[in-house]
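Structure file entry.cif (mmCIF, N, CA, C and O atoms) is printed below.
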```
data_protein
loop_
_atom_site.label_atom_id
_atom_site.label_comp_id
_atom_site.auth_asym_id
_atom_site.auth_seq_id
_atom_site.Cartn_x
_atom_site.Cartn_y
_atom_site.Cartn_z
N MET N 1 59.22 43.23 65.49
CA MET N 1 60.41 43.12 64.69
C MET N 1 61.57 42.66 65.57
O MET N 1 61.72 43.10 66.70
N SER N 2 62.40 41.79 65.04
CA SER N 2 63.54 41.25 65.78
C SER N 2 64.79 42.07 65.47
O SER N 2 65.08 42.37 64.32
N HIS N 3 65.53 42.42 66.53
CA HIS N 3 66.74 43.23 66.40
C HIS N 3 67.91 42.50 67.03
O HIS N 3 67.77 41.91 68.10
N GLU N 4 69.07 42.57 66.39
CA GLU N 4 70.28 41.92 66.90
C GLU N 4 71.37 42.97 67.10
O GLU N 4 71.60 43.81 66.23
N PHE N 5 72.02 42.89 68.26
CA PHE N 5 73.11 43.81 68.58
C PHE N 5 73.92 43.20 69.70
O PHE N 5 73.51 42.22 70.32
N THR N 6 75.06 43.79 69.97
CA THR N 6 75.94 43.31 71.04
C THR N 6 76.25 44.46 71.99
O THR N 6 76.59 45.56 71.54
N LEU N 7 76.11 44.21 73.27
CA LEU N 7 76.52 45.16 74.30
C LEU N 7 77.87 44.73 74.83
O LEU N 7 78.07 43.54 75.13
N VAL N 8 78.80 45.65 74.91
CA VAL N 8 80.12 45.38 75.50
C VAL N 8 80.13 46.11 76.84
O VAL N 8 79.91 47.32 76.90
N LEU N 9 80.38 45.36 77.91
CA LEU N 9 80.33 45.94 79.24
C LEU N 9 81.60 46.70 79.58
O LEU N 9 82.68 46.41 79.05
N THR N 10 81.47 47.66 80.50
CA THR N 10 82.63 48.46 80.91
C THR N 10 83.61 47.65 81.73
O THR N 10 84.80 47.93 81.74
N ALA N 11 83.11 46.64 82.44
CA ALA N 11 83.95 45.75 83.25
C ALA N 11 83.43 44.33 83.05
O ALA N 11 82.24 44.14 82.81
N PRO N 12 84.30 43.36 83.15
CA PRO N 12 83.84 41.99 82.92
C PRO N 12 82.86 41.51 84.00
O PRO N 12 82.98 41.87 85.16
N ALA N 13 81.90 40.71 83.57
CA ALA N 13 81.01 40.01 84.50
C ALA N 13 81.75 38.73 84.86
O ALA N 13 81.70 37.75 84.12
N GLU N 14 82.45 38.75 85.97
CA GLU N 14 83.38 37.67 86.31
C GLU N 14 82.78 36.57 87.18
O GLU N 14 83.34 35.49 87.28
N THR N 15 81.66 36.86 87.82
CA THR N 15 81.11 35.87 88.74
C THR N 15 79.77 35.33 88.22
O THR N 15 79.09 35.99 87.43
N ASP N 16 79.42 34.14 88.68
CA ASP N 16 78.12 33.57 88.33
C ASP N 16 76.99 34.46 88.82
O ASP N 16 75.96 34.60 88.16
N GLU N 17 77.19 35.12 89.96
CA GLU N 17 76.17 36.01 90.51
C GLU N 17 75.91 37.18 89.57
O GLU N 17 74.76 37.58 89.37
N GLN N 18 76.97 37.75 88.97
CA GLN N 18 76.80 38.86 88.04
C GLN N 18 76.06 38.41 86.78
O GLN N 18 75.17 39.11 86.30
N VAL N 19 76.44 37.26 86.27
CA VAL N 19 75.77 36.75 85.07
C VAL N 19 74.31 36.43 85.38
O VAL N 19 73.41 36.78 84.61
N ASN N 20 74.06 35.81 86.51
CA ASN N 20 72.68 35.51 86.90
C ASN N 20 71.88 36.79 87.08
O ASN N 20 70.69 36.84 86.74
N ALA N 21 72.50 37.84 87.61
CA ALA N 21 71.81 39.12 87.79
C ALA N 21 71.38 39.69 86.43
O ALA N 21 70.31 40.29 86.32
N LEU N 22 72.19 39.50 85.40
CA LEU N 22 71.81 39.95 84.06
C LEU N 22 70.55 39.24 83.58
O LEU N 22 69.62 39.87 83.08
N TYR N 23 70.52 37.93 83.75
CA TYR N 23 69.34 37.17 83.32
C TYR N 23 68.13 37.52 84.19
O TYR N 23 67.02 37.68 83.69
N ASP N 24 68.34 37.69 85.48
CA ASP N 24 67.24 38.06 86.38
C ASP N 24 66.68 39.44 86.04
O ASP N 24 65.49 39.70 86.25
N ALA N 25 67.52 40.33 85.52
CA ALA N 25 67.08 41.68 85.17
C ALA N 25 66.29 41.70 83.86
O ALA N 25 65.72 42.72 83.50
N GLY N 26 66.27 40.57 83.13
CA GLY N 26 65.48 40.49 81.90
C GLY N 26 66.25 40.16 80.65
O GLY N 26 65.67 40.10 79.57
N LEU N 27 67.54 39.94 80.74
CA LEU N 27 68.34 39.65 79.55
C LEU N 27 68.32 38.17 79.19
O LEU N 27 69.34 37.60 78.80
N ALA N 28 67.15 37.56 79.27
CA ALA N 28 67.02 36.15 78.88
C ALA N 28 67.20 35.98 77.38
O ALA N 28 67.45 34.87 76.90
N ASP N 29 67.09 37.08 76.63
CA ASP N 29 67.28 37.04 75.18
C ASP N 29 68.71 37.38 74.78
O ASP N 29 68.99 37.66 73.61
N GLY N 30 69.63 37.33 75.74
CA GLY N 30 71.03 37.63 75.48
C GLY N 30 71.92 36.45 75.84
O GLY N 30 71.59 35.66 76.71
N THR N 31 73.04 36.37 75.14
CA THR N 31 74.04 35.35 75.42
C THR N 31 75.28 36.07 75.94
O THR N 31 75.87 36.89 75.22
N VAL N 32 75.66 35.76 77.17
CA VAL N 32 76.78 36.43 77.83
C VAL N 32 78.05 35.61 77.62
O VAL N 32 78.05 34.39 77.83
N SER N 33 79.12 36.29 77.21
CA SER N 33 80.41 35.61 77.09
C SER N 33 81.51 36.58 77.54
O SER N 33 81.41 37.79 77.33
N THR N 34 82.53 36.02 78.18
CA THR N 34 83.68 36.82 78.61
C THR N 34 84.94 36.17 78.07
O THR N 34 85.15 34.97 78.25
N SER N 35 85.77 36.98 77.42
CA SER N 35 87.03 36.49 76.88
C SER N 35 88.03 37.63 76.93
O SER N 35 87.70 38.77 76.56
N GLY N 36 89.21 37.34 77.40
CA GLY N 36 90.25 38.36 77.48
C GLY N 36 89.86 39.54 78.35
O GLY N 36 90.26 40.66 78.10
N GLY N 37 89.04 39.28 79.37
CA GLY N 37 88.63 40.33 80.28
C GLY N 37 87.54 41.25 79.75
O GLY N 37 87.25 42.28 80.34
N ILE N 38 86.93 40.87 78.63
CA ILE N 38 85.86 41.68 78.03
C ILE N 38 84.58 40.85 77.99
O ILE N 38 84.57 39.73 77.47
N THR N 39 83.50 41.41 78.56
CA THR N 39 82.22 40.72 78.55
C THR N 39 81.35 41.33 77.46
O THR N 39 81.20 42.55 77.37
N ARG N 40 80.80 40.45 76.64
CA ARG N 40 79.91 40.83 75.55
C ARG N 40 78.58 40.12 75.76
O ARG N 40 78.55 38.97 76.19
N ILE N 41 77.50 40.81 75.42
CA ILE N 41 76.18 40.20 75.47
C ILE N 41 75.57 40.33 74.08
O ILE N 41 75.28 41.44 73.62
N ASP N 42 75.42 39.20 73.40
CA ASP N 42 74.78 39.17 72.09
C ASP N 42 73.28 39.07 72.33
O ASP N 42 72.80 38.11 72.94
N VAL N 43 72.54 40.08 71.86
CA VAL N 43 71.12 40.18 72.13
C VAL N 43 70.32 40.06 70.84
O VAL N 43 70.66 40.67 69.82
N THR N 44 69.25 39.27 70.90
CA THR N 44 68.24 39.22 69.84
C THR N 44 66.93 39.55 70.53
O THR N 44 66.46 38.77 71.35
N ARG N 45 66.38 40.73 70.21
CA ARG N 45 65.24 41.24 70.98
C ARG N 45 64.11 41.68 70.06
O ARG N 45 64.32 42.35 69.07
N GLU N 46 62.90 41.31 70.43
CA GLU N 46 61.70 41.77 69.75
C GLU N 46 61.34 43.14 70.32
O GLU N 46 61.20 43.30 71.53
N ALA N 47 61.21 44.13 69.44
CA ALA N 47 60.83 45.49 69.85
C ALA N 47 60.37 46.25 68.62
O ALA N 47 60.66 45.86 67.48
N GLU N 48 59.66 47.35 68.85
CA GLU N 48 59.16 48.17 67.74
C GLU N 48 60.29 48.81 66.94
O GLU N 48 60.16 49.01 65.75
N SER N 49 61.39 49.14 67.62
CA SER N 49 62.52 49.77 66.93
C SER N 49 63.83 49.28 67.52
O SER N 49 63.87 48.76 68.65
N LEU N 50 64.90 49.47 66.77
CA LEU N 50 66.23 49.11 67.25
C LEU N 50 66.58 49.93 68.48
O LEU N 50 67.12 49.42 69.46
N GLU N 51 66.24 51.22 68.44
CA GLU N 51 66.53 52.09 69.58
C GLU N 51 65.84 51.59 70.85
O GLU N 51 66.45 51.54 71.92
N THR N 52 64.58 51.23 70.73
CA THR N 52 63.84 50.71 71.89
C THR N 52 64.48 49.44 72.42
O THR N 52 64.62 49.26 73.63
N ALA N 53 64.89 48.56 71.52
CA ALA N 53 65.53 47.30 71.92
C ALA N 53 66.82 47.57 72.68
O ALA N 53 67.08 46.98 73.73
N ILE N 54 67.64 48.48 72.16
CA ILE N 54 68.93 48.79 72.78
C ILE N 54 68.72 49.46 74.13
O ILE N 54 69.36 49.10 75.13
N ARG N 55 67.82 50.44 74.19
CA ARG N 55 67.58 51.15 75.45
C ARG N 55 67.09 50.20 76.55
O ARG N 55 67.53 50.30 77.70
N SER N 56 66.21 49.28 76.19
CA SER N 56 65.70 48.36 77.21
C SER N 56 66.79 47.41 77.69
O SER N 56 66.89 47.12 78.88
N ALA N 57 67.63 46.94 76.77
CA ALA N 57 68.72 46.04 77.16
C ALA N 57 69.74 46.76 78.05
O ALA N 57 70.20 46.20 79.05
N ILE N 58 70.07 48.00 77.72
CA ILE N 58 71.00 48.77 78.56
C ILE N 58 70.39 48.99 79.94
O ILE N 58 71.08 48.90 80.96
N GLY N 59 69.10 49.26 80.00
CA GLY N 59 68.42 49.41 81.28
C GLY N 59 68.51 48.16 82.13
O GLY N 59 68.71 48.23 83.35
N GLU N 60 68.41 47.01 81.50
CA GLU N 60 68.52 45.74 82.22
C GLU N 60 69.94 45.50 82.71
O GLU N 60 70.15 44.99 83.81
N VAL N 61 70.93 45.88 81.90
CA VAL N 61 72.33 45.77 82.34
C VAL N 61 72.54 46.65 83.57
O VAL N 61 73.14 46.22 84.57
N ASN N 62 72.03 47.87 83.52
CA ASN N 62 72.16 48.78 84.66
C ASN N 62 71.45 48.22 85.88
O ASN N 62 71.97 48.33 87.00
N ALA N 63 70.27 47.63 85.70
CA ALA N 63 69.52 47.05 86.82
C ALA N 63 70.28 45.90 87.47
O ALA N 63 70.10 45.62 88.66
N ALA N 64 71.15 45.26 86.70
CA ALA N 64 71.97 44.16 87.23
C ALA N 64 73.21 44.68 87.95
O ALA N 64 74.03 43.90 88.43
N GLY N 65 73.38 46.01 88.00
CA GLY N 65 74.54 46.59 88.68
C GLY N 65 75.77 46.69 87.81
O GLY N 65 76.87 46.93 88.31
N LEU N 66 75.60 46.55 86.50
CA LEU N 66 76.72 46.65 85.55
C LEU N 66 76.42 47.78 84.59
O LEU N 66 75.37 48.42 84.67
N SER N 67 77.35 48.06 83.68
CA SER N 67 77.09 49.10 82.70
C SER N 67 77.70 48.73 81.35
O SER N 67 78.71 48.03 81.28
N ALA N 68 77.07 49.24 80.31
CA ALA N 68 77.53 48.98 78.94
C ALA N 68 78.45 50.11 78.50
O ALA N 68 78.17 51.29 78.73
N ALA N 69 79.56 49.74 77.87
CA ALA N 69 80.50 50.73 77.34
C ALA N 69 80.15 51.08 75.90
O ALA N 69 80.19 52.25 75.52
N THR N 70 79.83 50.06 75.10
CA THR N 70 79.52 50.29 73.69
C THR N 70 78.42 49.33 73.23
O THR N 70 78.15 48.31 73.86
N VAL N 71 77.82 49.71 72.11
CA VAL N 71 76.84 48.87 71.43
C VAL N 71 77.39 48.61 70.04
O VAL N 71 77.79 49.55 69.34
N GLU N 72 77.41 47.36 69.64
CA GLU N 72 77.86 47.00 68.30
C GLU N 72 76.65 46.53 67.50
O GLU N 72 75.87 45.71 67.98
N ILE N 73 76.51 47.09 66.29
CA ILE N 73 75.36 46.78 65.44
C ILE N 73 75.88 46.47 64.04
O ILE N 73 76.69 47.22 63.49
N GLU N 74 75.39 45.40 63.45
CA GLU N 74 75.72 45.10 62.07
C GLU N 74 75.00 46.09 61.16
O GLU N 74 73.86 46.49 61.44
N ALA N 75 75.62 46.49 60.08
CA ALA N 75 75.05 47.48 59.17
C ALA N 75 73.66 47.05 58.68
O ALA N 75 72.77 47.89 58.55
N GLU N 76 73.47 45.78 58.44
CA GLU N 76 72.17 45.32 57.93
C GLU N 76 71.03 45.59 58.92
O GLU N 76 69.89 45.76 58.52
N GLN N 77 71.32 45.67 60.20
CA GLN N 77 70.29 45.97 61.19
C GLN N 77 69.80 47.41 61.03
O GLN N 77 68.63 47.71 61.23
N ILE N 78 70.70 48.30 60.67
CA ILE N 78 70.33 49.71 60.50
C ILE N 78 69.61 49.91 59.17
O ILE N 78 68.62 50.63 59.10
N VAL N 79 70.06 49.23 58.14
CA VAL N 79 69.45 49.35 56.82
C VAL N 79 67.98 48.95 56.84
O VAL N 79 67.15 49.55 56.19
N HIS N 80 67.63 47.96 57.65
CA HIS N 80 66.27 47.45 57.69
C HIS N 80 65.34 48.21 58.63
O HIS N 80 64.20 47.81 58.83
N GLN N 81 65.79 49.32 59.19
CA GLN N 81 64.95 50.14 60.06
C GLN N 81 64.02 51.00 59.22
O GLN N 81 64.42 51.53 58.18
N PRO N 82 62.76 51.15 59.68
CA PRO N 82 61.85 52.04 58.93
C PRO N 82 62.33 53.49 59.00
O PRO N 82 62.99 53.89 59.97
N ALA N 83 62.02 54.24 57.98
CA ALA N 83 62.42 55.65 57.92
C ALA N 83 61.70 56.42 59.03
O ALA N 83 60.55 56.15 59.33
N VAL N 84 62.40 57.37 59.62
CA VAL N 84 61.83 58.21 60.66
C VAL N 84 61.02 59.32 59.99
O VAL N 84 61.53 60.02 59.11
N GLN N 85 59.77 59.46 60.41
CA GLN N 85 58.91 60.51 59.89
C GLN N 85 59.05 61.76 60.75
O GLN N 85 59.00 61.67 61.95
N SER N 86 59.22 62.91 60.12
CA SER N 86 59.34 64.14 60.91
C SER N 86 58.10 64.99 60.81
O SER N 86 57.20 64.77 60.14
#
```

What is this structure when it is put down as structure tokens?
Amino acid sequence: MSHEFTLVLTAPAETDEQVNALYDAGLADGTVSTSGGITRIDVTREAESLETAIRSAIGEVNAAGLSAATVEIEAEQIVHQPAVQS
């Protein structure tokens, strides 16, 4: 299943080395943009669940030496998630 979300970093990825580190860490399925001192990574990721997709992307951001401050998700991404069985 394909999941779409945006990671907002705690600090801007200002150098080519930082951006390259994100791609090297596995974020080839993300588009990095920085505007007004805020770096956003728009991610489209294949994973079993939205949670798995988000956790793996955050792990890759951390592996690149950066960190995510927030995750932005469109409501339709949550609506299309399978119900959790207890």

Task: Expansion of the PyMOL selection byres ((chain N and resi 43-50) around 5) into residues, as an MDAnalysis selection string - done: chainID N and resid 1:6 29:31 41:42 51:55

Open item on the list: From a backbone DSSP assignment, name each residue in chain N labelled alpha helix (DSSP H), as a list in words.
Closed with: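 Output for chain N, alpha helix (DSSP H) only: Asp16, Glu17, Gln18, Val19, Asn20, Ala21, Leu22, Tyr23, Asp24, Leu50, Glu51, Thr52, Ala53, Ile54, Arg55, Ser56, Ala57, Ile58, Gly59, Glu60, Val61, Asn62, Ala63, Ala75, Glu76, Gln77, Ile78 and Val79 of chain N.
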
Open item on the list: Report, in Å to a single decimal, how far apart atom O of Leu22 of chain N and atom CA of Glu60 of chain N are.
Closed with: 6.0 Å

TODO: Just give me the gap between atom C of Glu76 of chain N and atom N of Asp24 of chain N in Å, one decimal is fine.
DONE: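 For atom C of Glu76 of chain N relative to atom N of Asp24 of chain N, the distance reads 27.8 Å.
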
Task: Chain and number of each residue from the PyMOL selection byres ((chain N and resi 11) around 8), as a PyMOL selection string - done: chain N and resi 8-10+12-14+37-40+66-69

TODO: Report as a list in words: the residues of segment 23-66 of chain N with a DSSP assignment of strand (DSSP E), based on the backbone of this structure.
DONE: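 Put together, the selection reads Gly30, Thr31, Val32, Ser33, Thr34, Ser35, Ile38, Thr39, Arg40, Ile41, Asp42, Val43, Thr44, Arg45 and Glu46 of chain N.
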
Task: Residue among N:Ile58, N:Glu74, N:Ala64, N:Thr34 lying closest to Asn20 of chain N, counting only N, CA, C and O atoms - done: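 Closest candidate: N:Ala64.
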
- [ ] Grab the atom O of Val19 of chain N to atom CA of Ser35 of chain N distance for me, in Å with one decimal place.
- [x]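 Atom-to-atom, atom O of Val19 of chain N and atom CA of Ser35 of chain N are spaced 15.7 Å apart.
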
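If you measure from each of N:Ala75, N:Ser33, N:Val61, N:Ala28 to Asp16 of chain N using only C-alpha atoms, the closest one turns out to be N:Ser33.
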
Task: Among the residues N:Leu7, N:Asn62, N:Glu72, N:Ile78, the one that comes closest to Gly26 of chain N [using only C-alpha atoms] - done: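 Smallest distance to Gly26 of chain N is found for N:Asn62.
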
Residue completion, segment 5-16 of chain N, all heavy atoms, as a PDB file, in the coordinates of the input:
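As a result, selection_24.pdb now contains:
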```
ATOM      1  N   PHE N   5      72.020  42.890  68.260  1.00  0.00           N
ATOM      2  CA  PHE N   5      73.110  43.810  68.580  1.00  0.00           C
ATOM      3  C   PHE N   5      73.920  43.200  69.700  1.00  0.00           C
ATOM      4  O   PHE N   5      73.510  42.220  70.320  1.00  0.00           O
ATOM      5  CB  PHE N   5      72.583  45.202  68.963  1.00  0.00           C
ATOM      6  CG  PHE N   5      71.566  45.178  70.078  1.00  0.00           C
ATOM      7  CD1 PHE N   5      71.951  45.328  71.396  1.00  0.00           C
ATOM      8  CD2 PHE N   5      70.223  44.994  69.794  1.00  0.00           C
ATOM      9  CE1 PHE N   5      71.019  45.299  72.418  1.00  0.00           C
ATOM     10  CE2 PHE N   5      69.276  44.969  70.809  1.00  0.00           C
ATOM     11  CZ  PHE N   5      69.678  45.120  72.122  1.00  0.00           C
ATOM     12  N   THR N   6      75.060  43.790  69.970  1.00  0.00           N
ATOM     13  CA  THR N   6      75.940  43.310  71.040  1.00  0.00           C
ATOM     14  C   THR N   6      76.250  44.460  71.990  1.00  0.00           C
ATOM     15  O   THR N   6      76.590  45.560  71.540  1.00  0.00           O
ATOM     16  CB  THR N   6      77.265  42.761  70.456  1.00  0.00           C
ATOM     17  OG1 THR N   6      76.959  41.681  69.576  1.00  0.00           O
ATOM     18  CG2 THR N   6      78.196  42.284  71.554  1.00  0.00           C
ATOM     19  N   LEU N   7      76.110  44.210  73.270  1.00  0.00           N
ATOM     20  CA  LEU N   7      76.520  45.160  74.300  1.00  0.00           C
ATOM     21  C   LEU N   7      77.870  44.730  74.830  1.00  0.00           C
ATOM     22  O   LEU N   7      78.070  43.540  75.130  1.00  0.00           O
ATOM     23  CB  LEU N   7      75.511  45.185  75.451  1.00  0.00           C
ATOM     24  CG  LEU N   7      74.089  45.596  75.107  1.00  0.00           C
ATOM     25  CD1 LEU N   7      73.211  45.499  76.347  1.00  0.00           C
ATOM     26  CD2 LEU N   7      74.055  47.000  74.549  1.00  0.00           C
ATOM     27  N   VAL N   8      78.800  45.650  74.910  1.00  0.00           N
ATOM     28  CA  VAL N   8      80.120  45.380  75.500  1.00  0.00           C
ATOM     29  C   VAL N   8      80.130  46.110  76.840  1.00  0.00           C
ATOM     30  O   VAL N   8      79.910  47.320  76.900  1.00  0.00           O
ATOM     31  CB  VAL N   8      81.262  45.883  74.591  1.00  0.00           C
ATOM     32  CG1 VAL N   8      82.614  45.598  75.242  1.00  0.00           C
ATOM     33  CG2 VAL N   8      81.164  45.248  73.211  1.00  0.00           C
ATOM     34  N   LEU N   9      80.380  45.360  77.910  1.00  0.00           N
ATOM     35  CA  LEU N   9      80.330  45.940  79.240  1.00  0.00           C
ATOM     36  C   LEU N   9      81.600  46.700  79.580  1.00  0.00           C
ATOM     37  O   LEU N   9      82.680  46.410  79.050  1.00  0.00           O
ATOM     38  CB  LEU N   9      80.076  44.842  80.278  1.00  0.00           C
ATOM     39  CG  LEU N   9      78.801  44.017  80.086  1.00  0.00           C
ATOM     40  CD1 LEU N   9      78.592  43.087  81.275  1.00  0.00           C
ATOM     41  CD2 LEU N   9      77.582  44.904  79.889  1.00  0.00           C
ATOM     42  N   THR N  10      81.470  47.660  80.500  1.00  0.00           N
ATOM     43  CA  THR N  10      82.630  48.460  80.910  1.00  0.00           C
ATOM     44  C   THR N  10      83.610  47.650  81.730  1.00  0.00           C
ATOM     45  O   THR N  10      84.800  47.930  81.740  1.00  0.00           O
ATOM     46  CB  THR N  10      82.197  49.687  81.734  1.00  0.00           C
ATOM     47  OG1 THR N  10      81.446  49.238  82.862  1.00  0.00           O
ATOM     48  CG2 THR N  10      81.378  50.653  80.909  1.00  0.00           C
ATOM     49  N   ALA N  11      83.110  46.640  82.440  1.00  0.00           N
ATOM     50  CA  ALA N  11      83.950  45.750  83.250  1.00  0.00           C
ATOM     51  C   ALA N  11      83.430  44.330  83.050  1.00  0.00           C
ATOM     52  O   ALA N  11      82.240  44.140  82.810  1.00  0.00           O
ATOM     53  CB  ALA N  11      83.881  46.138  84.728  1.00  0.00           C
ATOM     54  N   PRO N  12      84.300  43.360  83.150  1.00  0.00           N
ATOM     55  CA  PRO N  12      83.840  41.990  82.920  1.00  0.00           C
ATOM     56  C   PRO N  12      82.860  41.510  84.000  1.00  0.00           C
ATOM     57  O   PRO N  12      82.980  41.870  85.160  1.00  0.00           O
ATOM     58  CB  PRO N  12      85.134  41.160  82.951  1.00  0.00           C
ATOM     59  CG  PRO N  12      86.119  41.999  83.679  1.00  0.00           C
ATOM     60  CD  PRO N  12      85.719  43.426  83.452  1.00  0.00           C
ATOM     61  N   ALA N  13      81.900  40.710  83.570  1.00  0.00           N
ATOM     62  CA  ALA N  13      81.010  40.010  84.500  1.00  0.00           C
ATOM     63  C   ALA N  13      81.750  38.730  84.860  1.00  0.00           C
ATOM     64  O   ALA N  13      81.700  37.750  84.120  1.00  0.00           O
ATOM     65  CB  ALA N  13      79.659  39.722  83.850  1.00  0.00           C
ATOM     66  N   GLU N  14      82.450  38.750  85.970  1.00  0.00           N
ATOM     67  CA  GLU N  14      83.380  37.670  86.310  1.00  0.00           C
ATOM     68  C   GLU N  14      82.780  36.570  87.180  1.00  0.00           C
ATOM     69  O   GLU N  14      83.340  35.490  87.280  1.00  0.00           O
ATOM     70  CB  GLU N  14      84.614  38.253  86.989  1.00  0.00           C
ATOM     71  CG  GLU N  14      85.382  39.182  86.071  1.00  0.00           C
ATOM     72  CD  GLU N  14      86.554  39.839  86.751  1.00  0.00           C
ATOM     73  OE1 GLU N  14      86.484  40.130  87.952  1.00  0.00           O
ATOM     74  OE2 GLU N  14      87.565  40.057  86.059  1.00  0.00           O
ATOM     75  N   THR N  15      81.660  36.860  87.820  1.00  0.00           N
ATOM     76  CA  THR N  15      81.110  35.870  88.740  1.00  0.00           C
ATOM     77  C   THR N  15      79.770  35.330  88.220  1.00  0.00           C
ATOM     78  O   THR N  15      79.090  35.990  87.430  1.00  0.00           O
ATOM     79  CB  THR N  15      80.871  36.468  90.142  1.00  0.00           C
ATOM     80  OG1 THR N  15      79.824  37.451  90.049  1.00  0.00           O
ATOM     81  CG2 THR N  15      82.135  37.110  90.694  1.00  0.00           C
ATOM     82  N   ASP N  16      79.420  34.140  88.680  1.00  0.00           N
ATOM     83  CA  ASP N  16      78.120  33.570  88.330  1.00  0.00           C
ATOM     84  C   ASP N  16      76.990  34.460  88.820  1.00  0.00           C
ATOM     85  O   ASP N  16      75.960  34.600  88.160  1.00  0.00           O
ATOM     86  CB  ASP N  16      77.964  32.169  88.939  1.00  0.00           C
ATOM     87  CG  ASP N  16      78.846  31.138  88.257  1.00  0.00           C
ATOM     88  OD1 ASP N  16      79.291  31.379  87.107  1.00  0.00           O
ATOM     89  OD2 ASP N  16      79.088  30.080  88.865  1.00  0.00           O
TER      90      ASP N  16
END
```
